[in-house]
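Below is model.txt, which holds compact mmCIF, C-alpha atoms and all ligand atoms.
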# COMPACT_ATOMS: atom_id res chain seq x y z
CA MET Q 1 -177.27 134.57 -9.64
CA ARG Q 2 -178.65 133.92 -13.13
CA THR Q 3 -176.36 133.56 -16.13
CA VAL Q 4 -176.66 134.69 -19.73
CA ALA Q 5 -174.55 133.79 -22.78
CA PHE Q 6 -174.41 135.61 -26.10
CA HIS Q 7 -173.47 134.79 -29.67
CA THR Q 8 -173.42 137.53 -32.27
CA LEU Q 9 -173.41 137.07 -36.03
CA GLY Q 10 -172.97 139.73 -38.69
CA CYS Q 11 -172.03 143.36 -38.60
CA LYS Q 12 -170.70 145.95 -36.13
CA VAL Q 13 -174.21 147.22 -35.43
CA ASN Q 14 -175.19 143.75 -34.25
CA GLN Q 15 -172.12 143.71 -31.99
CA TYR Q 16 -173.19 147.05 -30.52
CA ASP Q 17 -176.77 145.78 -30.05
CA THR Q 18 -175.49 142.68 -28.21
CA GLU Q 19 -173.42 144.88 -25.88
CA ALA Q 20 -176.53 146.99 -25.23
CA ILE Q 21 -178.66 143.89 -24.52
CA TRP Q 22 -175.96 142.65 -22.12
CA GLN Q 23 -176.21 145.97 -20.23
CA LEU Q 24 -179.93 145.25 -19.71
CA PHE Q 25 -179.30 141.74 -18.36
CA GLN Q 26 -176.48 143.00 -16.16
CA ALA Q 27 -178.76 145.68 -14.68
CA ASN Q 28 -181.14 142.85 -13.76
CA GLY Q 29 -178.51 140.91 -11.83
CA TYR Q 30 -177.24 138.48 -14.49
CA THR Q 31 -173.61 137.48 -14.99
CA GLN Q 32 -172.25 136.65 -18.42
CA VAL Q 33 -170.80 133.22 -19.22
CA ASP Q 34 -169.22 131.69 -22.31
CA PHE Q 35 -171.60 130.55 -25.03
CA GLU Q 36 -170.32 126.98 -24.72
CA ALA Q 37 -171.03 126.92 -20.95
CA GLN Q 38 -174.31 126.03 -19.21
CA ALA Q 39 -176.36 129.25 -19.06
CA ASP Q 40 -179.85 130.13 -17.84
CA VAL Q 41 -180.43 132.29 -20.91
CA TYR Q 42 -178.88 132.16 -24.39
CA VAL Q 43 -179.23 135.15 -26.70
CA ILE Q 44 -178.36 134.65 -30.36
CA ASN Q 45 -178.16 137.93 -32.27
CA THR Q 46 -178.63 136.83 -35.88
CA CYS Q 47 -177.74 138.05 -39.37
CA THR Q 48 -179.69 137.67 -42.61
CA VAL Q 49 -177.64 139.72 -45.08
CA THR Q 50 -176.94 136.54 -47.08
CA HIS Q 51 -178.42 133.04 -47.02
CA GLU Q 52 -175.15 131.99 -45.39
CA GLY Q 53 -176.01 134.39 -42.53
CA ASP Q 54 -179.35 132.58 -42.09
CA ARG Q 55 -177.65 129.18 -42.12
CA LYS Q 56 -175.01 130.13 -39.56
CA SER Q 57 -177.70 131.72 -37.38
CA ARG Q 58 -179.73 128.47 -37.38
CA GLN Q 59 -176.58 126.50 -36.56
CA MET Q 60 -175.90 128.65 -33.46
CA ILE Q 61 -179.55 128.51 -32.36
CA ARG Q 62 -179.43 124.70 -32.46
CA ARG Q 63 -176.17 124.69 -30.53
CA ALA Q 64 -177.76 126.82 -27.78
CA THR Q 65 -180.77 124.54 -27.50
CA ARG Q 66 -178.41 121.55 -27.06
CA ASN Q 67 -176.15 123.26 -24.47
CA ASN Q 68 -178.81 123.39 -21.77
CA PRO Q 69 -182.33 122.10 -22.55
CA GLU Q 70 -183.62 123.86 -19.40
CA SER Q 71 -182.48 127.31 -20.46
CA VAL Q 72 -184.45 130.08 -22.16
CA VAL Q 73 -183.27 130.51 -25.75
CA VAL Q 74 -183.83 133.98 -27.21
CA VAL Q 75 -183.27 134.78 -30.89
CA THR Q 76 -182.98 138.42 -31.94
CA GLY Q 77 -181.53 140.47 -34.81
CA CYS Q 78 -182.14 140.55 -38.55
CA TYR Q 79 -182.85 136.86 -39.28
CA ALA Q 80 -185.25 136.86 -36.30
CA GLN Q 81 -186.98 139.91 -37.76
CA MET Q 82 -187.35 138.29 -41.19
CA ALA Q 83 -188.26 134.71 -40.28
CA PRO Q 84 -189.76 134.42 -36.77
CA GLY Q 85 -192.00 131.47 -37.72
CA GLU Q 86 -189.09 129.50 -39.18
CA ILE Q 87 -187.08 130.13 -36.00
CA LEU Q 88 -189.90 129.21 -33.61
CA SER Q 89 -190.24 125.89 -35.43
CA ILE Q 90 -186.75 124.96 -34.14
CA THR Q 91 -187.31 122.82 -31.02
CA GLY Q 92 -186.05 124.56 -27.90
CA VAL Q 93 -186.46 128.19 -29.06
CA ASP Q 94 -188.48 130.12 -26.45
CA LEU Q 95 -188.54 133.70 -27.59
CA VAL Q 96 -188.04 135.59 -30.86
CA VAL Q 97 -187.42 139.33 -30.63
CA GLY Q 98 -186.62 141.12 -33.89
CA ASN Q 99 -184.90 144.49 -34.19
CA GLN Q 100 -187.25 146.27 -31.79
CA TYR Q 101 -188.56 145.76 -28.23
CA ARG Q 102 -185.05 144.72 -27.11
CA ALA Q 103 -185.50 147.03 -24.12
CA GLN Q 104 -188.24 144.66 -22.88
CA MET Q 105 -186.28 141.48 -23.54
CA VAL Q 106 -185.42 140.71 -19.90
CA ASP Q 107 -189.09 141.03 -18.85
CA MET Q 108 -190.12 138.76 -21.72
CA VAL Q 109 -187.54 136.19 -20.63
CA GLU Q 110 -189.06 136.11 -17.12
CA LYS Q 111 -192.53 135.64 -18.60
CA VAL Q 112 -191.40 132.80 -20.86
CA ARG Q 113 -189.54 131.16 -17.96
CA LEU Q 114 -192.74 131.05 -15.91
CA GLU Q 115 -195.17 130.11 -18.66
CA ARG Q 116 -192.88 127.93 -20.82
CA VAL Q 117 -194.85 128.88 -23.92
CA PRO Q 118 -192.78 130.01 -26.95
CA TYR Q 119 -193.39 133.67 -27.72
CA ASN Q 120 -193.10 135.68 -30.94
CA ALA Q 121 -192.45 139.37 -30.19
CA VAL Q 122 -191.72 140.38 -33.80
CA SER Q 123 -193.91 143.01 -35.47
CA ASN Q 124 -193.74 145.10 -38.65
CA ILE Q 125 -190.51 147.07 -38.42
CA LEU Q 126 -191.27 149.23 -41.45
CA THR Q 127 -193.85 151.12 -39.38
CA GLN Q 128 -191.38 151.91 -36.58
CA LYS Q 129 -190.65 155.63 -36.28
CA GLU Q 130 -188.54 155.84 -33.11
CA PHE Q 131 -184.90 154.93 -32.53
CA GLU Q 132 -184.65 152.34 -29.74
CA ASP Q 133 -182.22 154.09 -27.41
CA LEU Q 134 -180.00 151.46 -25.77
CA ASP Q 135 -176.79 152.62 -24.16
CA VAL Q 136 -173.39 150.98 -24.00
CA PRO Q 137 -171.24 152.83 -21.44
CA VAL Q 138 -168.28 150.39 -21.43
CA PHE Q 139 -166.55 148.37 -24.14
CA MET Q 140 -164.01 145.57 -24.03
CA ASP Q 141 -161.71 147.67 -26.23
CA ARG Q 142 -160.62 150.42 -23.87
CA THR Q 143 -159.40 152.81 -26.55
CA ARG Q 144 -162.18 152.92 -29.09
CA ALA Q 145 -165.91 153.11 -28.38
CA SER Q 146 -168.80 152.64 -30.80
CA LEU Q 147 -171.72 154.98 -30.54
CA LYS Q 148 -174.82 153.91 -32.43
CA ILE Q 149 -176.55 157.00 -33.78
CA GLU Q 150 -179.15 155.54 -36.14
CA ASP Q 151 -180.91 152.40 -37.28
CA GLY Q 152 -182.56 151.44 -40.57
CA CYS Q 153 -182.16 152.49 -44.19
CA ASN Q 154 -184.41 154.20 -46.78
CA HIS Q 155 -182.40 153.30 -49.86
CA PHE Q 156 -183.71 149.88 -50.93
CA CYS Q 157 -180.75 148.89 -53.10
CA THR Q 158 -182.00 146.08 -55.31
CA PHE Q 159 -179.52 143.51 -53.89
CA CYS Q 160 -180.09 144.26 -50.21
CA ILE Q 161 -182.53 142.86 -47.66
CA ILE Q 162 -181.48 145.20 -44.84
CA PRO Q 163 -184.30 147.83 -45.04
CA TYR Q 164 -186.83 144.99 -44.64
CA ALA Q 165 -184.95 143.65 -41.60
CA ARG Q 166 -184.01 146.96 -39.98
CA GLY Q 167 -186.83 149.26 -41.09
CA LEU Q 168 -186.52 152.87 -42.24
CA VAL Q 169 -184.03 155.44 -40.89
CA ARG Q 170 -184.56 156.26 -37.21
CA SER Q 171 -182.03 158.70 -35.74
CA ARG Q 172 -181.00 158.87 -32.14
CA LYS Q 173 -181.89 162.20 -30.57
CA PRO Q 174 -178.91 164.64 -30.65
CA GLU Q 175 -179.05 165.21 -26.88
CA SER Q 176 -178.85 161.45 -26.29
CA VAL Q 177 -175.87 161.09 -28.68
CA LEU Q 178 -174.05 164.02 -27.08
CA PHE Q 179 -174.77 162.82 -23.54
CA GLN Q 180 -173.38 159.39 -24.37
CA ALA Q 181 -170.38 160.86 -26.23
CA ARG Q 182 -169.49 163.02 -23.20
CA ARG Q 183 -169.74 160.00 -20.90
CA LEU Q 184 -167.44 157.96 -23.18
CA ALA Q 185 -164.93 160.81 -23.35
CA ASP Q 186 -165.05 161.16 -19.55
CA ALA Q 187 -164.38 157.41 -19.32
CA LEU Q 188 -161.15 158.16 -21.29
CA TYR Q 189 -162.07 156.61 -24.62
CA GLN Q 190 -159.86 158.44 -27.11
CA GLU Q 191 -161.91 157.63 -30.17
CA ILE Q 192 -165.63 157.36 -30.81
CA VAL Q 193 -166.84 155.52 -33.91
CA LEU Q 194 -170.25 156.75 -35.04
CA THR Q 195 -172.11 153.67 -36.24
CA GLY Q 196 -175.46 152.75 -37.67
CA ILE Q 197 -176.99 150.71 -40.45
CA HIS Q 198 -176.83 153.80 -42.62
CA THR Q 199 -174.79 156.28 -40.59
CA GLY Q 200 -174.82 158.95 -43.29
CA GLY Q 201 -178.63 158.98 -43.17
CA TYR Q 202 -178.43 160.40 -39.65
CA GLY Q 203 -180.92 163.26 -39.23
CA GLU Q 204 -183.20 162.42 -42.20
CA ASP Q 205 -186.04 162.14 -39.67
CA LEU Q 206 -184.93 164.94 -37.34
CA GLY Q 207 -186.35 167.93 -39.18
CA GLY Q 208 -183.13 169.75 -40.04
CA TYR Q 209 -180.49 168.51 -37.57
CA THR Q 210 -177.91 166.67 -39.69
CA LEU Q 211 -174.74 164.64 -39.35
CA ALA Q 212 -172.84 167.89 -40.01
CA ASN Q 213 -174.56 169.50 -37.01
CA LEU Q 214 -173.73 166.49 -34.87
CA LEU Q 215 -170.04 166.63 -35.86
CA ARG Q 216 -169.89 170.33 -34.98
CA ASP Q 217 -171.48 169.67 -31.57
CA MET Q 218 -169.15 166.75 -30.87
CA GLU Q 219 -166.14 168.89 -31.74
CA ASN Q 220 -166.71 170.75 -28.46
CA ILE Q 221 -166.48 167.66 -26.24
CA ASP Q 222 -163.45 167.91 -23.97
CA ASN Q 223 -161.05 164.96 -23.75
CA LEU Q 224 -162.29 163.47 -27.02
CA LEU Q 225 -159.44 163.07 -29.49
CA ARG Q 226 -161.06 161.46 -32.50
CA ILE Q 227 -164.42 161.00 -34.15
CA ARG Q 228 -164.64 158.33 -36.84
CA ILE Q 229 -167.60 157.98 -39.21
CA SER Q 230 -168.07 154.27 -39.88
CA SER Q 231 -169.56 154.68 -43.36
CA ILE Q 232 -171.28 157.27 -45.54
CA GLU Q 233 -172.97 157.12 -48.94
CA ALA Q 234 -171.66 159.42 -51.70
CA SER Q 235 -175.18 160.80 -52.14
CA GLU Q 236 -175.20 161.93 -48.49
CA ILE Q 237 -172.02 164.01 -48.63
CA SER Q 238 -173.48 167.52 -48.66
CA ASP Q 239 -171.54 170.78 -48.95
CA ASP Q 240 -172.39 171.47 -45.31
CA LEU Q 241 -170.91 168.12 -44.27
CA LEU Q 242 -167.77 168.88 -46.31
CA LEU Q 243 -167.50 172.18 -44.44
CA ALA Q 244 -167.87 170.41 -41.09
CA LEU Q 245 -165.12 167.94 -42.12
CA ALA Q 246 -162.81 170.72 -43.28
CA ASN Q 247 -163.22 172.68 -40.03
CA SER Q 248 -162.89 169.71 -37.69
CA LYS Q 249 -159.78 168.88 -35.70
CA LYS Q 250 -161.29 165.61 -34.50
CA VAL Q 251 -162.85 163.84 -37.48
CA CYS Q 252 -160.48 161.10 -38.65
CA ARG Q 253 -158.91 161.32 -42.09
CA HIS Q 254 -160.74 158.16 -43.07
CA LEU Q 255 -164.08 157.85 -44.82
CA HIS Q 256 -165.68 154.62 -45.98
CA ILE Q 257 -167.78 155.49 -49.03
CA PRO Q 258 -169.38 152.36 -50.56
CA LEU Q 259 -169.11 152.38 -54.36
CA GLN Q 260 -170.45 148.87 -55.16
CA ALA Q 261 -169.84 149.20 -58.94
CA GLY Q 262 -167.79 151.47 -61.17
CA HIS Q 263 -170.27 151.61 -64.06
CA SER Q 264 -173.33 153.87 -64.03
CA GLU Q 265 -175.60 151.31 -65.71
CA VAL Q 266 -174.82 148.73 -63.00
CA LEU Q 267 -175.34 151.42 -60.34
CA ARG Q 268 -178.73 152.29 -61.85
CA ARG Q 269 -179.82 148.65 -61.71
CA MET Q 270 -178.57 148.49 -58.12
CA ASN Q 271 -180.70 151.60 -57.32
CA ARG Q 272 -177.64 153.34 -55.88
CA HIS Q 273 -178.74 156.99 -56.41
CA TYR Q 274 -175.51 158.20 -58.10
CA THR Q 275 -173.52 157.89 -61.31
CA ILE Q 276 -169.77 157.24 -61.37
CA GLU Q 277 -169.23 160.90 -62.33
CA GLU Q 278 -171.18 162.06 -59.26
CA TYR Q 279 -169.29 159.63 -57.04
CA ALA Q 280 -165.91 160.83 -58.40
CA GLU Q 281 -166.93 164.45 -57.79
CA LYS Q 282 -167.80 163.70 -54.15
CA VAL Q 283 -164.48 161.95 -53.65
CA ARG Q 284 -162.66 164.92 -55.16
CA LYS Q 285 -164.41 167.30 -52.75
CA VAL Q 286 -163.71 165.04 -49.76
CA ARG Q 287 -160.01 165.03 -50.64
CA LEU Q 288 -160.06 168.84 -50.66
CA ALA Q 289 -161.80 168.98 -47.28
CA LEU Q 290 -159.60 166.32 -45.66
CA PRO Q 291 -156.19 166.30 -47.39
CA GLU Q 292 -154.55 162.84 -47.58
CA VAL Q 293 -157.75 161.20 -46.38
CA ALA Q 294 -157.92 157.40 -46.63
CA ILE Q 295 -161.02 156.60 -48.67
CA THR Q 296 -162.08 152.98 -48.40
CA SER Q 297 -164.96 151.33 -50.19
CA ASP Q 298 -167.12 148.26 -50.89
CA ILE Q 299 -167.37 146.61 -54.29
CA ILE Q 300 -169.88 143.97 -55.34
CA VAL Q 301 -168.48 141.90 -58.18
CA GLY Q 302 -170.69 139.96 -60.60
CA PHE Q 303 -173.96 141.82 -60.10
CA PRO Q 304 -176.60 140.63 -62.63
CA GLY Q 305 -175.93 142.15 -66.03
CA GLU Q 306 -172.28 143.01 -65.25
CA THR Q 307 -170.64 142.33 -68.63
CA ASP Q 308 -166.88 142.00 -69.15
CA GLU Q 309 -166.91 145.55 -70.41
CA PHE Q 310 -168.77 146.86 -67.35
CA PHE Q 311 -166.35 145.03 -65.06
CA GLU Q 312 -163.31 146.45 -66.88
CA THR Q 313 -164.79 149.95 -66.44
CA THR Q 314 -165.16 149.24 -62.72
CA VAL Q 315 -161.52 148.11 -62.47
CA GLN Q 316 -160.35 151.29 -64.17
CA PHE Q 317 -162.61 153.51 -62.04
CA VAL Q 318 -161.47 151.85 -58.80
CA ARG Q 319 -157.84 152.39 -59.79
CA GLU Q 320 -158.51 156.06 -60.56
CA GLN Q 321 -160.13 156.65 -57.16
CA GLN Q 322 -156.96 155.41 -55.38
CA PHE Q 323 -158.88 153.77 -52.57
CA ALA Q 324 -156.85 153.05 -49.44
CA ASP Q 325 -158.66 149.73 -48.98
CA LEU Q 326 -161.53 147.79 -50.50
CA HIS Q 327 -163.98 145.20 -49.22
CA VAL Q 328 -164.76 142.95 -52.18
CA PHE Q 329 -167.90 140.78 -52.24
CA PRO Q 330 -169.11 138.43 -54.94
CA TYR Q 331 -172.79 139.13 -55.62
CA SER Q 332 -174.98 136.47 -54.05
CA ILE Q 333 -178.69 136.12 -54.68
CA ARG Q 334 -180.76 137.24 -51.69
CA LYS Q 335 -184.32 135.92 -51.85
CA GLY Q 336 -186.86 138.69 -51.26
CA THR Q 337 -184.86 141.38 -53.10
CA PRO Q 338 -185.59 142.67 -56.65
CA ALA Q 339 -182.16 141.61 -57.99
CA ALA Q 340 -182.88 137.97 -57.10
CA LYS Q 341 -185.39 138.00 -59.95
CA PHE Q 342 -183.02 139.54 -62.52
CA THR Q 343 -182.57 137.00 -65.29
CA ASP Q 344 -179.04 137.99 -66.38
CA GLN Q 345 -177.17 136.43 -63.44
CA VAL Q 346 -173.37 136.12 -63.85
CA PRO Q 347 -171.94 132.56 -63.79
CA GLU Q 348 -170.10 131.63 -60.56
CA ASP Q 349 -166.75 130.93 -62.27
CA VAL Q 350 -166.79 134.39 -63.87
CA LYS Q 351 -167.57 135.96 -60.48
CA HIS Q 352 -164.66 134.13 -58.85
CA GLU Q 353 -162.23 135.29 -61.51
CA ARG Q 354 -163.40 138.90 -61.13
CA VAL Q 355 -163.24 138.74 -57.31
CA ALA Q 356 -159.62 137.54 -57.51
CA ARG Q 357 -158.69 140.41 -59.82
CA MET Q 358 -160.43 142.98 -57.65
CA ILE Q 359 -158.74 141.67 -54.49
CA ALA Q 360 -155.33 141.87 -56.20
CA LEU Q 361 -156.11 145.47 -57.14
CA ALA Q 362 -157.25 146.21 -53.57
CA ASP Q 363 -153.91 144.89 -52.24
CA GLU Q 364 -151.98 147.03 -54.71
CA LEU Q 365 -153.94 150.17 -53.76
CA SER Q 366 -153.62 149.54 -50.00
CA LEU Q 367 -149.86 149.20 -50.30
CA ALA Q 368 -149.64 152.33 -52.45
CA TYR Q 369 -151.58 154.31 -49.82
CA ALA Q 370 -149.39 153.01 -46.98
CA LYS Q 371 -146.21 153.86 -48.93
CA LYS Q 372 -147.26 157.50 -49.08
CA TRP Q 373 -146.61 157.62 -45.33
CA THR Q 374 -143.05 156.26 -45.39
CA ASP Q 375 -140.77 158.25 -43.04
CA ARG Q 376 -143.68 160.40 -41.92
CA PRO Q 377 -145.16 160.65 -38.41
CA LEU Q 378 -148.67 159.51 -37.49
CA ALA Q 379 -150.57 159.72 -34.19
CA VAL Q 380 -151.37 156.14 -33.22
CA ILE Q 381 -153.60 155.11 -30.30
CA ALA Q 382 -151.95 152.09 -28.65
CA GLU Q 383 -154.50 149.26 -28.56
CA GLU Q 384 -152.78 145.93 -27.88
CA ILE Q 385 -149.45 144.12 -27.55
CA ILE Q 386 -148.32 141.47 -30.02
CA GLU Q 387 -145.00 139.66 -30.54
CA ILE Q 388 -143.11 140.15 -33.79
CA ASP Q 389 -139.95 138.01 -34.03
CA HIS Q 390 -140.22 137.40 -30.25
CA VAL Q 391 -140.14 141.15 -29.52
CA PRO Q 392 -143.19 142.77 -27.91
CA HIS Q 393 -144.76 145.40 -30.14
CA VAL Q 394 -147.55 147.86 -29.51
CA VAL Q 395 -150.22 147.86 -32.23
CA GLY Q 396 -152.76 150.56 -32.92
CA HIS Q 397 -154.52 152.51 -35.63
CA ALA Q 398 -153.63 155.94 -36.89
CA ASP Q 399 -156.41 158.40 -37.63
CA ASN Q 400 -156.13 157.46 -41.34
CA TYR Q 401 -156.76 153.84 -40.30
CA LEU Q 402 -153.29 152.54 -41.10
CA LYS Q 403 -152.52 149.74 -38.65
CA VAL Q 404 -149.07 150.32 -37.16
CA ALA Q 405 -146.77 148.23 -34.93
CA PHE Q 406 -143.77 149.57 -32.98
CA THR Q 407 -141.66 148.39 -30.05
CA GLY Q 408 -143.20 149.24 -26.70
CA ASP Q 409 -144.93 147.84 -23.66
CA GLU Q 410 -148.24 147.70 -21.74
CA THR Q 411 -147.70 151.10 -20.10
CA MET Q 412 -148.45 152.73 -23.46
CA LEU Q 413 -151.85 151.10 -23.95
CA GLY Q 414 -154.63 153.63 -24.36
CA GLN Q 415 -152.15 156.43 -25.01
CA VAL Q 416 -151.46 158.46 -28.13
CA CYS Q 417 -148.03 157.73 -29.64
CA THR Q 418 -146.33 159.67 -32.42
CA VAL Q 419 -144.89 157.01 -34.69
CA GLN Q 420 -142.68 157.36 -37.75
CA ILE Q 421 -143.57 154.82 -40.44
CA THR Q 422 -140.47 152.86 -41.47
CA GLN Q 423 -141.94 149.87 -43.31
CA PRO Q 424 -145.28 150.49 -45.00
CA ASP Q 425 -147.48 147.45 -45.58
CA LYS Q 426 -151.01 146.75 -46.81
CA GLU Q 427 -151.92 145.08 -43.52
CA LEU Q 428 -149.53 146.06 -40.73
CA CYS Q 429 -146.99 148.89 -41.10
CA LEU Q 430 -143.90 148.99 -38.90
CA GLY Q 431 -142.72 152.19 -37.27
CA THR Q 432 -140.61 153.71 -34.52
CA MET Q 433 -141.98 155.85 -31.73
CA GLN Q 434 -140.80 159.44 -31.99
CA LYS Q 435 -142.35 161.09 -28.98
CA THR Q 436 -143.15 159.72 -25.56
CA ALA Q 437 -146.68 158.44 -25.37
CA TYR Q 438 -149.16 160.81 -23.83
CA ALA Q 439 -152.71 160.46 -22.57
CA MET Q 440 -155.31 163.00 -23.60
S1 LIG V 1 -177.74 151.68 -48.60
FE1 LIG V 1 -178.31 149.90 -49.81
S2 LIG V 1 -176.74 148.37 -49.25
FE2 LIG V 1 -176.71 149.92 -47.63
S3 LIG V 1 -178.13 149.09 -46.06
FE3 LIG V 1 -179.29 150.50 -47.40
S4 LIG V 1 -180.25 149.16 -48.92
FE4 LIG V 1 -178.57 148.00 -47.96
Spit out the file's structure as C-alpha cells when you get a sec.
Ligand code: SF4
Amino acid sequence: MRTVAFHTLGCKVNQYDTEAIWQLFQANGYTQVDFEAQADVYVINTCTVTHEGDRKSRQMIRRATRNNPESVVVVTGCYAQMAPGEILSITGVDLVVGNQYRAQMVDMVEKVRLERVPYNAVSNILTQKEFEDLDVPVFMDRTRASLKIEDGCNHFCTFCIIPYARGLVRSRKPESVLFQARRLADALYQEIVLTGIHTGGYGEDLGGYTLANLLRDMENIDNLLRIRISSIEASEISDDLLLALANSKKVCRHLHIPLQAGHSEVLRRMNRHYTIEEYAEKVRKVRLALPEVAITSDIIVGFPGETDEFFETTVQFVREQQFADLHVFPYSIRKGTPAAKFTDQVPEDVKHERVARMIALADELSLAYAKKWTDRPLAVIAEEIIEIDHVPHVVGHADNYLKVAFTGDETMLGQVCTVQITQPDKELCLGTMQKTAYAM
C-alpha cells in the first residue's frame, strides 16, 4: 500500500483543501503517515499571505525532499500558485499544482512517478470560473465540520495578495452545498462552519442565489444544530441577509466582520469599500438582528500613511464597537500588491507600539464581553477533555464562541450541554453544567 504525508501552512481554507486532497488519495488506496516519516508522496499545501508564509513553505518543501529522496514531492496552495518556477528550482520537487486541478493530483503523481520529469500544472487562476468541488465527509474534530462554499475574492484590497493566488469568487453550487450539509448532519456533526476565502461573497457568480438563500435552505436540515459563518465583509451584509439572520434558529450569535482600520481615509487607501460610518451602521443592524451577538474582527496596525491621529481614531472606534475579540496584525509589505509601493510606510518600532496597545484593548474587550454572561446559561457543544488543577474538565464552544470549561467526562463529548458561566475569562471561561447533556 502506498503512503502519503501532508503538511499544511496558512489558513482554515488550506486545512480544508488538504483534507479534501487526502480524500482523493485515500480513494486511490493510499494510507496517511506522519510528515516526518518515510512516505511515497509528500504534499505541502503552502501559504503566501506574507513573505514569512513563503519562507516557511520553502522550509517544509526542503524538509520533504530530505525525508525520502525517492518519494514524489508535490507542492500546492497559494505559494505554489504564485511562484511555480521558484518552487520547481528546489531540487527534489516533482510536481507543482496551484489552487486548481487538485482533483487530478493523484493521476499527475502517477505520471510523474513513471516519467520522473518535474511537472508544472499551474495556470492562470484569474480566468477560472468554476468552483473546484472537493468533498470532505469526515473531520478529525467530531463535533464541528467545515464546509467550503466558495473560493477566491473580487475585492483587491491594496495590502492583499490573495485574489492573485486564489482567483475571483467562485461559488459552490447550492445543491452541492446542501447535499454535503445534509450528509454532515446525518453523520451527527452538530455544527457546520461555512468557510471560504471570502465567504460573504458567496453567490456573486450564481445569478441571484445568495448567502441569505443558502442560510434559509440550511435552516431546514434536520439534526443540524448550528450554522456558523466564518467571516463576512461589512459591505456584504444586505438587508436580506439581516432578515435571514433574524429569522434563523441555527445561525450562531457570532459574526467575524473584518474592520482592518478605524479611519475612513486609511480604509480608502486599503480599498475596503466602506467608511467607518457605514461599518458602524452594519454592526448596529447586526446587533438588532442577532441580540447579544459576539462580533469579532481583524485590525491591521501601521498601514502606510497611518498617522498617530488616524491610529487614535481607530482605537476609539474599536472601543465603541465593543468587539468580542480581535485579531491584530502589524502591516507587513507584500511584494506584488499596490500598498508595497506606498512611500509613507510606518517605522517598525511605531508599529510594534501600536500592536501592543491594540492587543491590550482586545484583551479588555474580550473580558468585558465574557463578563456579560456571568451567571447565565449557554449551550456548549462538548469538544475535548482537559485537566484543570488535576480535575478533568470538558471544554467546548458556545454558539457565541465563548470557550467554556466545566467538570465532566468523555461520555459528554459531542453532546450539547447547558452550562452556567461562573468565572468569565478572555480565553477560557469556567462554568457548571445545569442540565444533563443531550445529543441532537
Ligand atoms: S477581502 Fe481583501 S483582505 Fe480579504 S481576501 Fe479579499 S483582497 Fe484579501
Taking only residues of stretch 225-292 of chain Q that have an atom at most 8 Å from an atom of stretch 198-211 of chain Q, what is each one's shortest atom pair and its distance in Å to one decimal, using only C-alpha atoms, in chain and number order, as a Markdown table?
| residue | atom | partner | partner_atom | distance |
| --- | --- | --- | --- | --- |
| Q:Ile229 | CA | Q:Thr199 | CA | 7.5 |
| Q:Ser230 | CA | Q:Thr199 | CA | 7.1 |
| Q:Ser231 | CA | Q:Thr199 | CA | 6.1 |
| Q:Ile232 | CA | Q:Gly200 | CA | 4.5 |
| Q:Glu233 | CA | Q:Gly200 | CA | 6.2 |
| Q:Glu236 | CA | Q:Gly200 | CA | 6.0 |
| Q:Ile237 | CA | Q:Gly200 | CA | 7.9 |
| Q:Leu241 | CA | Q:Leu211 | CA | 7.1 |
Within 12 Å of Q:Pro347 using all atoms listed in the file, minus same-chain residues under 2 positions, as a list in words: Val301, Gly302, Phe303, Pro304, Gly305, Glu306, Thr307, Asp308, Pro330, Tyr331, Ser332, Ile333, Thr343, Asp344, Gln345, Asp349, Val350, Lys351, His352, Glu353 and Arg354 of chain Q
Contacts to ligand LIG 1 (chain V) at 8 Å cut-off (only C-alpha atoms and all ligand atoms) as a PyMOL selection string: chain Q and resi 152-163+197-198+233+272
Output C-alpha atoms of each residue in that selection to a file, as a PDB file, in the coordinates of the input.
ATOM      1  CA  GLY Q 152    -182.560 151.440 -40.570  1.00  0.00           C
ATOM      2  CA  CYS Q 153    -182.160 152.490 -44.190  1.00  0.00           C
ATOM      3  CA  ASN Q 154    -184.410 154.200 -46.780  1.00  0.00           C
ATOM      4  CA  HIS Q 155    -182.400 153.300 -49.860  1.00  0.00           C
ATOM      5  CA  PHE Q 156    -183.710 149.880 -50.930  1.00  0.00           C
ATOM      6  CA  CYS Q 157    -180.750 148.890 -53.100  1.00  0.00           C
ATOM      7  CA  THR Q 158    -182.000 146.080 -55.310  1.00  0.00           C
ATOM      8  CA  PHE Q 159    -179.520 143.510 -53.890  1.00  0.00           C
ATOM      9  CA  CYS Q 160    -180.090 144.260 -50.210  1.00  0.00           C
ATOM     10  CA  ILE Q 161    -182.530 142.860 -47.660  1.00  0.00           C
ATOM     11  CA  ILE Q 162    -181.480 145.200 -44.840  1.00  0.00           C
ATOM     12  CA  PRO Q 163    -184.300 147.830 -45.040  1.00  0.00           C
ATOM     13  CA  ILE Q 197    -176.990 150.710 -40.450  1.00  0.00           C
ATOM     14  CA  HIS Q 198    -176.830 153.800 -42.620  1.00  0.00           C
ATOM     15  CA  GLU Q 233    -172.970 157.120 -48.940  1.00  0.00           C
ATOM     16  CA  ARG Q 272    -177.640 153.340 -55.880  1.00  0.00           C
TER      17      ARG Q 272
END
Residues near Q:Val73, cut-off 9 Å, only C-alpha atoms, skip fewer than 2 positions along chain, as a list in words: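 Final neighbour list, sorted by chain and number: Asp40, Val41, Tyr42, Val43, Ile44, Ile61, Ala64, Thr65, Ser71, Val75, Gly92, Val93, Asp94, Leu95, Val96 and Val109 of chain Q.
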Residues near Q:Ala83, cut-off 10 Å, all atoms listed in the file, skip fewer than 6 positions along chain, as an NGL selection string: :Q and (48 or 54 or 96 or 98 or 122 or 165)
Residues within 12 Å of Q:Met412, only C-alpha atoms, excluding chain neighbours under 4 positions, as a ChimeraX atom specification: /Q:143,380-385,393-396,406-408,416-418,433,435-439
Residue neighbourhood stretch 13-23 of chain Q, 10 Å, all atoms listed in the file, exclusion window fewer than 4 positions, as a PyMOL selection string: chain Q and resi 4-9+27-28+30-32+43-47+76-78+99+102-106+133-140+145-148+150-151+195-197
Point-to-point distance from atom CA of Q:Arg144 to atom CA of Q:Glu410, Å rounded to tenths: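 Atom CA of Q:Glu410 lies 16.6 Å from atom CA of Q:Arg144.
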Straight-line distance linking atom CA of Q:Gly262 with atom CA of Q:Thr337, stated in Å to one decimal: 21.4 Å
Atomic separation - atom CA of Q:Glu387 relative to atom CA of Q:Leu402, Å: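 Taking atom CA of Q:Leu402 as the start and atom CA of Q:Glu387 as the end point, the length is 18.6 Å.
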